[in-house]
>>> print(open('input-v3.cif').read())   # mmCIF, C-alpha atoms and all ligand atoms
data_coords
#
loop_
_atom_site.label_atom_id
_atom_site.label_comp_id
_atom_site.auth_asym_id
_atom_site.auth_seq_id
_atom_site.Cartn_x
_atom_site.Cartn_y
_atom_site.Cartn_z
CA MET L 24 27.28 6.90 8.06
CA GLU L 25 27.22 9.84 10.46
CA ALA L 26 24.01 11.06 12.07
CA GLY L 27 21.89 13.31 9.90
CA LEU L 28 19.78 13.36 6.76
CA HIS L 29 21.59 12.07 3.69
CA LYS L 30 20.15 12.50 0.20
CA ALA L 31 21.24 10.11 -2.52
CA GLU L 32 20.27 8.71 -5.90
CA LEU L 33 20.01 4.94 -5.90
CA THR L 34 20.91 2.68 -8.79
CA PHE L 35 20.42 -1.07 -9.03
CA ASP L 36 22.67 -3.38 -10.96
CA TYR L 37 20.06 -5.35 -12.92
CA PRO L 38 19.76 -5.17 -16.72
CA ALA L 39 16.15 -3.92 -16.77
CA LEU L 40 16.97 -1.07 -14.37
CA ALA L 41 20.03 0.28 -16.19
CA GLY L 42 20.10 4.07 -16.45
CA TRP L 43 17.46 4.73 -13.77
CA ARG L 44 18.26 6.67 -10.59
CA TRP L 45 15.86 6.84 -7.63
CA PRO L 46 15.96 9.88 -5.34
CA ALA L 47 16.21 8.50 -1.81
CA VAL L 48 16.94 9.58 1.75
CA GLU L 49 18.71 7.99 4.69
CA ILE L 50 17.94 9.49 8.08
CA VAL L 51 20.67 8.20 10.36
CA GLY L 52 20.03 8.50 14.06
CA GLN L 53 22.49 9.64 16.71
CA SER L 54 22.37 6.24 18.41
CA PRO L 55 22.19 2.73 16.93
CA GLY L 56 18.92 0.87 16.54
CA PRO L 57 16.60 -0.83 14.04
CA ARG L 58 16.19 0.11 10.39
CA LEU L 59 12.83 1.07 8.86
CA ALA L 60 12.57 1.14 5.05
CA VAL L 61 9.69 3.23 3.64
CA ILE L 62 8.40 3.43 0.07
CA SER L 63 5.58 5.30 -1.60
CA GLY L 64 4.74 6.08 -5.20
CA VAL L 65 4.45 2.53 -6.44
CA HIS L 66 1.25 4.14 -7.69
CA VAL L 67 2.18 7.71 -8.49
CA ASN L 68 -1.31 9.20 -8.19
CA GLU L 69 -1.65 8.11 -4.57
CA THR L 70 -0.36 11.48 -3.48
CA SER L 71 -1.58 11.56 0.14
CA SER L 72 0.81 8.69 0.87
CA ILE L 73 3.67 10.37 -1.01
CA GLU L 74 3.01 13.60 0.89
CA ALA L 75 3.24 11.70 4.21
CA VAL L 76 6.66 10.33 3.25
CA ILE L 77 7.90 13.79 2.23
CA ARG L 78 6.69 15.25 5.55
CA LEU L 79 8.34 12.41 7.49
CA GLN L 80 11.74 13.37 6.03
CA ARG L 81 11.33 16.89 7.32
CA MET L 82 10.04 16.15 10.81
CA ILE L 83 12.44 13.47 12.09
CA ASP L 84 15.26 14.83 14.25
CA PRO L 85 18.31 12.57 13.73
CA GLN L 86 19.61 13.64 17.16
CA LYS L 87 16.60 11.95 18.77
CA LEU L 88 16.38 8.95 16.42
CA LYS L 89 17.65 5.48 17.32
CA GLY L 90 18.58 3.57 14.19
CA ARG L 91 17.97 4.51 10.61
CA ILE L 92 15.07 5.36 8.29
CA SER L 93 15.54 4.68 4.57
CA ILE L 94 13.05 6.32 2.20
CA ILE L 95 12.21 6.13 -1.51
CA PRO L 96 9.34 8.60 -2.06
CA ILE L 97 8.57 7.62 -5.69
CA VAL L 98 9.21 4.01 -6.66
CA ASN L 99 7.46 4.00 -10.04
CA LEU L 100 9.52 6.75 -11.71
CA PRO L 101 8.55 5.77 -15.28
CA ALA L 102 4.88 6.40 -14.40
CA VAL L 103 5.45 10.05 -13.50
CA PRO L 104 5.39 11.76 -16.95
CA LEU L 105 1.95 10.44 -17.91
CA ARG L 106 0.68 9.88 -14.34
CA SER L 107 0.06 6.25 -15.29
CA GLN L 108 -2.59 4.52 -13.22
CA TYR L 109 -1.68 1.21 -11.53
CA VAL L 110 1.04 0.10 -13.95
CA CYS L 111 4.62 0.84 -14.84
CA PRO L 112 4.51 1.96 -18.49
CA ILE L 113 7.84 0.30 -19.37
CA ASP L 114 6.46 -3.24 -19.08
CA ASP L 115 2.78 -2.51 -18.44
CA LYS L 116 2.98 -4.49 -15.17
CA ASN L 117 1.66 -3.44 -11.79
CA ILE L 118 4.74 -3.21 -9.54
CA ASN L 119 2.36 -3.70 -6.60
CA PHE L 120 1.75 -7.28 -7.71
CA SER L 121 5.31 -8.08 -8.80
CA PHE L 122 6.92 -9.03 -5.46
CA PRO L 123 9.19 -10.81 -4.63
CA GLY L 124 10.30 -10.14 -8.21
CA ARG L 125 13.17 -11.53 -10.26
CA PRO L 126 16.69 -10.24 -10.88
CA ASP L 127 16.47 -11.14 -14.58
CA GLY L 128 12.87 -9.99 -15.01
CA SER L 129 11.23 -7.00 -16.65
CA PHE L 130 11.50 -3.51 -15.11
CA SER L 131 8.74 -4.05 -12.51
CA GLU L 132 9.96 -7.52 -11.55
CA ALA L 133 13.60 -6.44 -11.29
CA LEU L 134 12.67 -3.38 -9.25
CA ALA L 135 10.56 -5.41 -6.84
CA TYR L 136 13.48 -7.80 -6.43
CA ALA L 137 16.00 -4.97 -5.93
CA LEU L 138 13.84 -3.30 -3.27
CA LEU L 139 13.52 -6.42 -1.13
CA ASN L 140 16.82 -8.10 -1.87
CA ASP L 141 19.26 -5.18 -2.14
CA TRP L 142 17.85 -1.97 -0.72
CA ALA L 143 15.80 -3.29 2.25
CA HIS L 144 17.33 -6.73 2.81
CA ASP L 145 18.44 -5.88 6.36
CA ALA L 146 15.52 -3.61 7.28
CA ASP L 147 13.70 -4.62 10.47
CA CYS L 148 10.48 -3.38 8.93
CA PHE L 149 9.37 -2.31 5.45
CA ALA L 150 6.47 0.11 4.98
CA ASP L 151 4.70 0.48 1.61
CA LEU L 152 2.13 3.28 1.42
CA HIS L 153 -0.80 3.42 -1.01
CA GLY L 154 -4.31 4.59 -1.63
CA GLY L 155 -6.42 6.66 -3.99
CA ASP L 156 -5.43 6.36 -7.62
CA LEU L 157 -7.23 8.72 -10.04
CA CYS L 158 -10.46 6.72 -10.32
CA GLU L 159 -10.80 5.22 -6.84
CA GLU L 160 -11.57 5.97 -3.22
CA VAL L 161 -10.18 3.68 -0.54
CA SER L 162 -11.01 3.28 3.15
CA HIS L 163 -8.31 3.50 5.81
CA PHE L 164 -7.09 -0.07 5.77
CA MET L 165 -4.03 -2.29 6.04
CA VAL L 166 -3.03 -5.50 4.30
CA VAL L 167 -1.23 -8.12 6.39
CA GLN L 168 0.17 -11.32 4.91
CA ARG L 169 -0.56 -14.35 7.07
CA THR L 170 2.03 -17.14 6.81
CA GLY L 171 0.68 -19.77 9.20
CA ASP L 172 3.70 -19.15 11.46
CA ASP L 173 1.75 -17.87 14.43
CA PRO L 174 4.42 -15.88 16.34
CA PHE L 175 5.49 -14.17 13.09
CA ASP L 176 1.88 -13.43 12.11
CA GLN L 177 1.11 -11.95 15.53
CA ARG L 178 4.09 -9.60 15.35
CA ASN L 179 3.18 -8.58 11.81
CA LEU L 180 -0.40 -7.89 12.93
CA ALA L 181 0.90 -5.69 15.76
CA ILE L 182 2.86 -3.73 13.15
CA ALA L 183 -0.30 -3.20 11.08
CA GLN L 184 -2.08 -2.06 14.24
CA CYS L 185 0.32 0.89 14.46
CA PHE L 186 -1.89 2.53 11.82
CA ASP L 187 -5.32 3.89 12.78
CA ALA L 188 -7.07 1.61 10.29
CA ALA L 189 -10.78 0.91 10.11
CA ILE L 190 -10.06 -2.50 8.62
CA ILE L 191 -7.09 -4.88 8.54
CA ALA L 192 -7.18 -7.40 5.71
CA ALA L 193 -5.15 -10.37 6.98
CA ILE L 194 -4.89 -12.30 3.73
CA ASP L 195 -4.48 -16.03 3.23
CA PRO L 196 -1.02 -17.71 3.05
CA SER L 197 -1.84 -18.91 -0.48
CA HIS L 198 -1.00 -15.40 -1.75
CA MET L 199 2.65 -16.29 -1.16
CA ASP L 200 2.48 -18.76 -4.07
CA GLN L 201 2.24 -16.04 -6.71
CA PRO L 202 3.60 -12.54 -7.47
CA ALA L 203 2.00 -10.21 -4.94
CA ARG L 204 2.38 -7.08 -2.81
CA SER L 205 5.59 -6.10 -1.01
CA VAL L 206 4.06 -7.22 2.29
CA THR L 207 3.70 -10.71 0.83
CA GLY L 208 7.22 -10.70 -0.63
CA ARG L 209 8.57 -9.72 2.78
CA ALA L 210 6.52 -12.42 4.53
CA LYS L 211 8.01 -15.06 2.22
CA ARG L 212 11.37 -14.00 3.63
CA ARG L 213 9.86 -14.00 7.15
CA GLN L 214 10.52 -10.27 7.36
CA PHE L 215 8.10 -7.78 8.85
CA ALA L 216 6.20 -5.22 6.79
CA ALA L 217 3.35 -2.74 6.89
CA PHE L 218 1.10 -2.09 3.90
CA ALA L 219 -1.18 0.93 4.31
CA GLU L 220 -4.05 2.20 2.14
CA ALA L 221 -5.77 5.60 2.42
CA GLY L 222 -6.64 8.22 -0.17
CA ARG L 223 -8.82 9.12 -3.11
CA ILE L 224 -8.73 10.34 -6.69
CA GLY L 225 -5.18 11.67 -6.70
CA LEU L 226 -5.74 14.25 -3.96
CA ILE L 227 -3.62 15.33 -1.00
CA GLU L 228 -6.15 15.42 1.84
CA GLU L 229 -5.23 15.93 5.49
CA PRO L 230 -7.08 12.96 7.04
CA ASN L 231 -5.43 10.63 4.54
CA VAL L 232 -1.97 12.18 4.92
CA ALA L 233 -2.36 11.98 8.72
CA TYR L 234 -3.33 8.31 8.54
CA HIS L 235 -0.10 7.48 6.72
CA LEU L 236 2.18 9.86 8.61
CA ASN L 237 0.90 9.03 12.10
CA GLY L 238 1.07 5.35 11.23
CA LEU L 239 4.76 5.72 10.35
CA LEU L 240 5.40 7.66 13.57
CA ARG L 241 3.74 4.89 15.62
CA LEU L 242 5.76 2.31 13.71
CA LEU L 243 8.99 4.09 14.66
CA HIS L 244 7.86 4.16 18.28
CA HIS L 245 6.80 0.49 18.13
CA PHE L 246 10.35 -0.44 17.12
CA GLY L 247 11.86 1.71 19.87
CA MET L 248 13.35 4.21 17.41
CA THR L 249 11.59 7.27 18.87
CA ASP L 250 10.35 8.24 22.32
CA SER L 251 6.75 9.06 21.54
CA ALA L 252 3.99 8.81 18.92
CA PRO L 253 0.46 10.13 18.36
CA ALA L 254 -2.30 8.20 20.17
CA LYS L 255 -4.59 5.84 18.27
CA THR L 256 -8.32 6.51 18.10
CA ARG L 257 -9.77 3.10 17.22
CA GLU L 258 -9.14 -0.61 16.89
CA ALA L 259 -9.37 -2.07 13.41
CA ARG L 260 -11.83 -4.75 12.39
CA ILE L 261 -9.86 -7.74 11.10
CA ILE L 262 -11.10 -9.46 7.97
CA THR L 263 -9.51 -12.50 6.36
CA ARG L 264 -10.81 -12.47 2.77
CA TYR L 265 -10.34 -9.78 0.17
CA HIS L 266 -12.86 -10.01 -2.67
CA TRP L 267 -12.28 -8.18 -5.96
CA ILE L 268 -15.75 -7.66 -7.40
CA PRO L 269 -15.85 -7.27 -11.21
CA ALA L 270 -18.17 -5.22 -13.39
CA PRO L 271 -20.67 -7.67 -14.93
CA VAL L 272 -21.16 -5.51 -18.06
CA ASP L 273 -19.71 -2.49 -19.86
CA GLY L 274 -21.70 0.20 -18.10
CA PHE L 275 -22.24 3.59 -16.55
CA PHE L 276 -22.20 2.65 -12.86
CA ARG L 277 -24.01 4.28 -9.96
CA TYR L 278 -22.65 3.25 -6.56
CA HIS L 279 -24.78 2.74 -3.46
CA VAL L 280 -21.99 2.20 -0.92
CA GLU L 281 -18.96 4.10 0.33
CA PRO L 282 -15.51 2.90 1.45
CA GLY L 283 -15.45 1.73 5.06
CA GLN L 284 -19.19 0.97 5.06
CA LYS L 285 -20.50 -2.31 6.48
CA VAL L 286 -22.73 -4.22 4.06
CA ALA L 287 -25.06 -7.21 4.42
CA LYS L 288 -25.00 -10.28 2.19
CA GLY L 289 -27.01 -9.45 -0.94
CA GLN L 290 -26.93 -5.68 -0.34
CA LEU L 291 -26.93 -3.62 -3.53
CA LEU L 292 -23.45 -2.20 -4.19
CA ALA L 293 -23.92 -0.65 -7.62
CA THR L 294 -26.23 -0.50 -10.58
CA ALA L 295 -25.09 -0.32 -14.20
CA GLU L 296 -26.91 1.60 -16.91
CA ASN L 297 -26.41 1.95 -20.61
CA THR L 298 -26.04 5.40 -22.12
CA TYR L 299 -29.83 5.65 -22.52
CA GLY L 300 -30.15 5.55 -18.72
CA GLU L 301 -31.67 2.07 -18.74
CA GLU L 302 -30.60 -0.32 -15.97
CA ILE L 303 -28.67 -3.25 -17.42
CA ALA L 304 -27.12 -4.90 -14.34
CA ARG L 305 -27.08 -4.90 -10.54
CA VAL L 306 -24.08 -5.76 -8.39
CA SER L 307 -24.71 -7.16 -4.90
CA ALA L 308 -22.46 -8.15 -2.01
CA PRO L 309 -21.68 -11.90 -2.21
CA GLU L 310 -21.24 -11.96 1.58
CA GLU L 311 -21.55 -9.73 4.62
CA GLY L 312 -18.48 -7.52 4.91
CA HIS L 313 -16.88 -4.09 4.71
CA ILE L 314 -16.18 -1.97 1.64
CA LEU L 315 -12.40 -1.60 1.30
CA TRP L 316 -12.57 0.62 -1.79
CA ARG L 317 -14.66 1.44 -4.80
CA ILE L 318 -14.12 2.92 -8.23
CA THR L 319 -15.27 6.57 -8.44
CA HIS L 320 -15.47 6.92 -12.21
CA ALA L 321 -18.91 5.99 -13.54
CA LEU L 322 -17.61 4.24 -16.65
CA SER L 323 -16.25 0.75 -16.09
CA PRO L 324 -15.63 -2.01 -18.63
CA ARG L 325 -16.89 -5.53 -18.12
CA ASP L 326 -14.62 -7.68 -15.88
CA SER L 327 -12.66 -4.70 -14.51
CA PHE L 328 -12.77 -4.55 -10.71
CA ILE L 329 -15.16 -1.99 -9.27
CA VAL L 330 -15.37 -2.77 -5.52
CA GLY L 331 -13.02 -4.31 -2.95
CA LEU L 332 -14.94 -6.14 -0.22
CA GLY L 333 -13.43 -7.52 2.97
CA THR L 334 -15.20 -10.45 4.61
CA LYS L 335 -14.60 -12.78 7.53
CA ALA L 336 -14.37 -16.07 5.67
ZN ZN Q 401 -1.59 1.73 -4.68
#
>>> encode(input="input-v3.cif", output="structure tokens", more="lines below")
Ligand SMILES: [Zn+2]
Amino acid sequence: MEAGLHKAELTFDYPALAGWRWPAVEIVGQSPGPRLAVISGVHVNETSSIEAVIRLQRMIDPQKLKGRISIIPIVNLPAVPLRSQYVCPIDDKNINFSFPGRPDGSFSEALAYALLNDWAHDADCFADLHGGDLCEEVSHFMVVQRTGDDPFDQRNLAIAQCFDAAIIAAIDPSHMDQPARSVTGRAKRRQFAAFAEAGRIGLIEEPNVAYHLNGLLRLLHHFGMTDSAPAKTREARIITRYHWIPAPVDGFFRYHVEPGQKVAKGQLLATAENTYGEEIARVSAPEEGHILWRITHALSPRDSFIVGLGTKA
């Protein structure tokens, strides 16, 4: 392919994906080099991350690029008409937890498989951008999949550190035993990946767009594809456990913590009331840690997850 920006519509030859076409872009550099594959819109309301990917297309000069950037700005196309939260409405699965996927699976499973196995199989790095569905606020954080292969894990951590994250969640190798995020699916193949979270409640907000966009620019520089990148402003705190804290009751929740905040063991995270304003439950931190995200909507049903907490052990 000659240097320049090439627009295309991708199709994948798996039964569940028949008839779907994904708008995509290839930015081919003037000189050879690595390949970075970038996706956003696995969750279509996480618009700050989608905006970053759209801006990236418009700011890269192919004449100065070494290698190739492949981009799919909206992965979860079936979710667009109803702005579905979390899931793909065709099979009601969360694509985000469908990797590495299956060629003969449902829409989400087949798409996850096609992304890793067909579209990005030879990419030197894969970046998947998230954060801020309609009822949540997330801190600036990264997820890294540990494998136990130390040289690989160190290089993957350095990739995550390209983003100006407050927190890096370096999750346990046991995640590779079940369907999981793209970063986990890539790690199973011993391929590098970045998984970035920043955003809130469906909004395009500059600090969140900048987190994603500057992270991608540093990633390009890290792989030697560009000559320069914006400077970082902080070093992330690395946590190794990612707790999903459930609502103990059906309730109207009032939150006492914000994303990014450090909390002590036993610290009050939220209180639940009934619709008479009477307190019916309290939710406390099971361990000392940092708030990765919290739900913003007051109403939460019992057993749905309301807070993500990162801890050391
Ligand atoms: Zn997401």
>>> residues_around(input="input-v3.cif", residues="range 71-77 of chain L", least_positions_apart="6", cutoff="9 Å", atoms="all atoms listed in the file", output="PyMOL selection string")
chain L and resi 61-64+94-97+152-155+219-223+225-237+239
>>> residues_around(input="input-v3.cif", residues="Ile191 in chain L", least_positions_apart="3", cutoff="9 Å", atoms="only C-alpha atoms", output="NGL selection string")
:L and (163-167 or 180 or 183-184 or 188 or 259-263 or 333)
>>> residues_around(input="input-v3.cif", residues="Phe215 in chain L", least_positions_apart="2", cutoff="10 Å", atoms="all atoms listed in the file", output="list in words")
Ala146, Asp147, Cys148, Phe149, Ala150, Val167, Gln168, Phe175, Asp176, Arg178, Asn179, Leu180, Ile182, Ala183, Val206, Thr207, Gly208, Arg209, Ala210, Lys211, Arg212, Arg213 and Ala217 of chain L
>>> residues_near_point(input="input-v3.cif", point="(-22.9, 0.5, -19.6)", cutoff="10 Å", atoms="all atoms listed in the file", output="compact mmCIF listing (two decimals) with C-alpha atoms, keeping the file's coordinate frame")
# COMPACT_ATOMS: atom_id res chain seq x y z
CA ALA L 270 -18.17 -5.22 -13.39
CA PRO L 271 -20.67 -7.67 -14.93
CA VAL L 272 -21.16 -5.51 -18.06
CA ASP L 273 -19.71 -2.49 -19.86
CA GLY L 274 -21.70 0.20 -18.10
CA PHE L 275 -22.24 3.59 -16.55
CA PHE L 276 -22.20 2.65 -12.86
CA THR L 294 -26.23 -0.50 -10.58
CA ALA L 295 -25.09 -0.32 -14.20
CA GLU L 296 -26.91 1.60 -16.91
CA ASN L 297 -26.41 1.95 -20.61
CA THR L 298 -26.04 5.40 -22.12
CA TYR L 299 -29.83 5.65 -22.52
CA GLY L 300 -30.15 5.55 -18.72
CA GLU L 301 -31.67 2.07 -18.74
CA GLU L 302 -30.60 -0.32 -15.97
CA ILE L 303 -28.67 -3.25 -17.42
CA ALA L 304 -27.12 -4.90 -14.34
CA ALA L 321 -18.91 5.99 -13.54
CA LEU L 322 -17.61 4.24 -16.65
CA SER L 323 -16.25 0.75 -16.09
CA PRO L 324 -15.63 -2.01 -18.63
CA ARG L 325 -16.89 -5.53 -18.12
>>> atom_distance(input="input-v3.cif", atom1="CA of Pro202 in chain L", atom2="CA of Pro174 in chain L")
24.1 Å
>>> residues_near_point(input="input-v3.cif", point="(10.6, -0.7, 15.6)", cutoff="9 Å", atoms="all atoms listed in the file", output="mmCIF file with C-alpha atoms, in the frame of the given file")
data_model
loop_
_atom_site.group_PDB
_atom_site.id
_atom_site.type_symbol
_atom_site.label_atom_id
_atom_site.label_comp_id
_atom_site.auth_asym_id
_atom_site.auth_seq_id
_atom_site.Cartn_x
_atom_site.Cartn_y
_atom_site.Cartn_z
ATOM 1 C CA GLY L 56 18.920 0.870 16.540
ATOM 2 C CA PRO L 57 16.600 -0.830 14.040
ATOM 3 C CA ARG L 58 16.190 0.110 10.390
ATOM 4 C CA LEU L 59 12.830 1.070 8.860
ATOM 5 C CA ASP L 147 13.700 -4.620 10.470
ATOM 6 C CA CYS L 148 10.480 -3.380 8.930
ATOM 7 C CA ILE L 182 2.860 -3.730 13.150
ATOM 8 C CA ARG L 241 3.740 4.890 15.620
ATOM 9 C CA LEU L 242 5.760 2.310 13.710
ATOM 10 C CA LEU L 243 8.990 4.090 14.660
ATOM 11 C CA HIS L 244 7.860 4.160 18.280
ATOM 12 C CA HIS L 245 6.800 0.490 18.130
ATOM 13 C CA PHE L 246 10.350 -0.440 17.120
ATOM 14 C CA GLY L 247 11.860 1.710 19.870
ATOM 15 C CA MET L 248 13.350 4.210 17.410
ATOM 16 C CA THR L 249 11.590 7.270 18.870
#
>>> residues_around(input="input-v3.cif", residues="range 120-123 of chain L", least_positions_apart="2", cutoff="12 Å", atoms="all atoms listed in the file", output="MDAnalysis selection string")
chainID L and resid 65:66 109:111 114:118 125:126 128:141 144 198:212
>>> write_last_selection(input="input-v3.cif", atoms="C-alpha atoms", output="PDB file, in the coordinates of the input")
ATOM      1  CA  VAL L  65       4.450   2.530  -6.440  1.00  0.00           C
ATOM      2  CA  HIS L  66       1.250   4.140  -7.690  1.00  0.00           C
ATOM      3  CA  TYR L 109      -1.680   1.210 -11.530  1.00  0.00           C
ATOM      4  CA  VAL L 110       1.040   0.100 -13.950  1.00  0.00           C
ATOM      5  CA  CYS L 111       4.620   0.840 -14.840  1.00  0.00           C
ATOM      6  CA  ASP L 114       6.460  -3.240 -19.080  1.00  0.00           C
ATOM      7  CA  ASP L 115       2.780  -2.510 -18.440  1.00  0.00           C
ATOM      8  CA  LYS L 116       2.980  -4.490 -15.170  1.00  0.00           C
ATOM      9  CA  ASN L 117       1.660  -3.440 -11.790  1.00  0.00           C
ATOM     10  CA  ILE L 118       4.740  -3.210  -9.540  1.00  0.00           C
ATOM     11  CA  ARG L 125      13.170 -11.530 -10.260  1.00  0.00           C
ATOM     12  CA  PRO L 126      16.690 -10.240 -10.880  1.00  0.00           C
ATOM     13  CA  GLY L 128      12.870  -9.990 -15.010  1.00  0.00           C
ATOM     14  CA  SER L 129      11.230  -7.000 -16.650  1.00  0.00           C
ATOM     15  CA  PHE L 130      11.500  -3.510 -15.110  1.00  0.00           C
ATOM     16  CA  SER L 131       8.740  -4.050 -12.510  1.00  0.00           C
ATOM     17  CA  GLU L 132       9.960  -7.520 -11.550  1.00  0.00           C
ATOM     18  CA  ALA L 133      13.600  -6.440 -11.290  1.00  0.00           C
ATOM     19  CA  LEU L 134      12.670  -3.380  -9.250  1.00  0.00           C
ATOM     20  CA  ALA L 135      10.560  -5.410  -6.840  1.00  0.00           C
ATOM     21  CA  TYR L 136      13.480  -7.800  -6.430  1.00  0.00           C
ATOM     22  CA  ALA L 137      16.000  -4.970  -5.930  1.00  0.00           C
ATOM     23  CA  LEU L 138      13.840  -3.300  -3.270  1.00  0.00           C
ATOM     24  CA  LEU L 139      13.520  -6.420  -1.130  1.00  0.00           C
ATOM     25  CA  ASN L 140      16.820  -8.100  -1.870  1.00  0.00           C
ATOM     26  CA  ASP L 141      19.260  -5.180  -2.140  1.00  0.00           C
ATOM     27  CA  HIS L 144      17.330  -6.730   2.810  1.00  0.00           C
ATOM     28  CA  HIS L 198      -1.000 -15.400  -1.750  1.00  0.00           C
ATOM     29  CA  MET L 199       2.650 -16.290  -1.160  1.00  0.00           C
ATOM     30  CA  ASP L 200       2.480 -18.760  -4.070  1.00  0.00           C
ATOM     31  CA  GLN L 201       2.240 -16.040  -6.710  1.00  0.00           C
ATOM     32  CA  PRO L 202       3.600 -12.540  -7.470  1.00  0.00           C
ATOM     33  CA  ALA L 203       2.000 -10.210  -4.940  1.00  0.00           C
ATOM     34  CA  ARG L 204       2.380  -7.080  -2.810  1.00  0.00           C
ATOM     35  CA  SER L 205       5.590  -6.100  -1.010  1.00  0.00           C
ATOM     36  CA  VAL L 206       4.060  -7.220   2.290  1.00  0.00           C
ATOM     37  CA  THR L 207       3.700 -10.710   0.830  1.00  0.00           C
ATOM     38  CA  GLY L 208       7.220 -10.700  -0.630  1.00  0.00           C
ATOM     39  CA  ARG L 209       8.570  -9.720   2.780  1.00  0.00           C
ATOM     40  CA  ALA L 210       6.520 -12.420   4.530  1.00  0.00           C
ATOM     41  CA  LYS L 211       8.010 -15.060   2.220  1.00  0.00           C
ATOM     42  CA  ARG L 212      11.370 -14.000   3.630  1.00  0.00           C
TER      43      ARG L 212
END
>>> atom_distance(input="input-v3.cif", atom1="CA of Asn68 in chain L", atom2="CA of Leu105 in chain L")
10.3 Å
>>> closest_residue(input="input-v3.cif", among="L:Val51, L:Leu100, L:Leu40, L:Ile190", to="Gly283 in chain L", atoms="all atoms listed in the file")
L:Ile190
>>> atom_distance(input="input-v3.cif", atom1="CA of Arg264 in chain L", atom2="CA of Ala308 in chain L")
13.3 Å
>>> closest_residue(input="input-v3.cif", among="L:Val306, L:Val161, L:Met24, L:Ala254", to="ligand ZN 401 (chain Q)", atoms="only C-alpha atoms and all ligand atoms")
L:Val161
>>> residues_around(input="input-v3.cif", residues="Thr319 in chain L", least_positions_apart="2", cutoff="8 Å", atoms="only C-alpha atoms", output="CSV table (one decimal) with C-alpha atoms, in the coordinates of the input")
chain,number,residue,atom,x,y,z
L,158,CYS,CA,-10.5,6.7,-10.3
L,159,GLU,CA,-10.8,5.2,-6.8
L,160,GLU,CA,-11.6,6.0,-3.2
L,224,ILE,CA,-8.7,10.3,-6.7
L,317,ARG,CA,-14.7,1.4,-4.8
L,321,ALA,CA,-18.9,6.0,-13.5
>>> closest_residue(input="input-v3.cif", among="L:Lys288, L:Pro101, L:Arg277, L:Arg257", to="Gly42 in chain L", atoms="only C-alpha atoms")
L:Pro101
>>> axis_aligned_box(input="input-v3.cif", around="range 185-195 of chain L", padding_each_side="3 Å", output="JSON")
{"center_x": -5.2, "center_y": -6.1, "center_z": 8.8, "size_x": 17.1, "size_y": 25.9, "size_z": 17.2}
>>> closest_residue(input="input-v3.cif", among="L:Thr70, L:Ser54, L:Gln80, L:Asn119", to="Val103 in chain L", atoms="all atoms listed in the file")
L:Thr70
>>> closest_residue(input="input-v3.cif", among="L:Asp145, L:Asp195, L:Asp172, L:Glu69", to="ligand ZN 401 (chain Q)", atoms="all atoms listed in the file")
L:Glu69
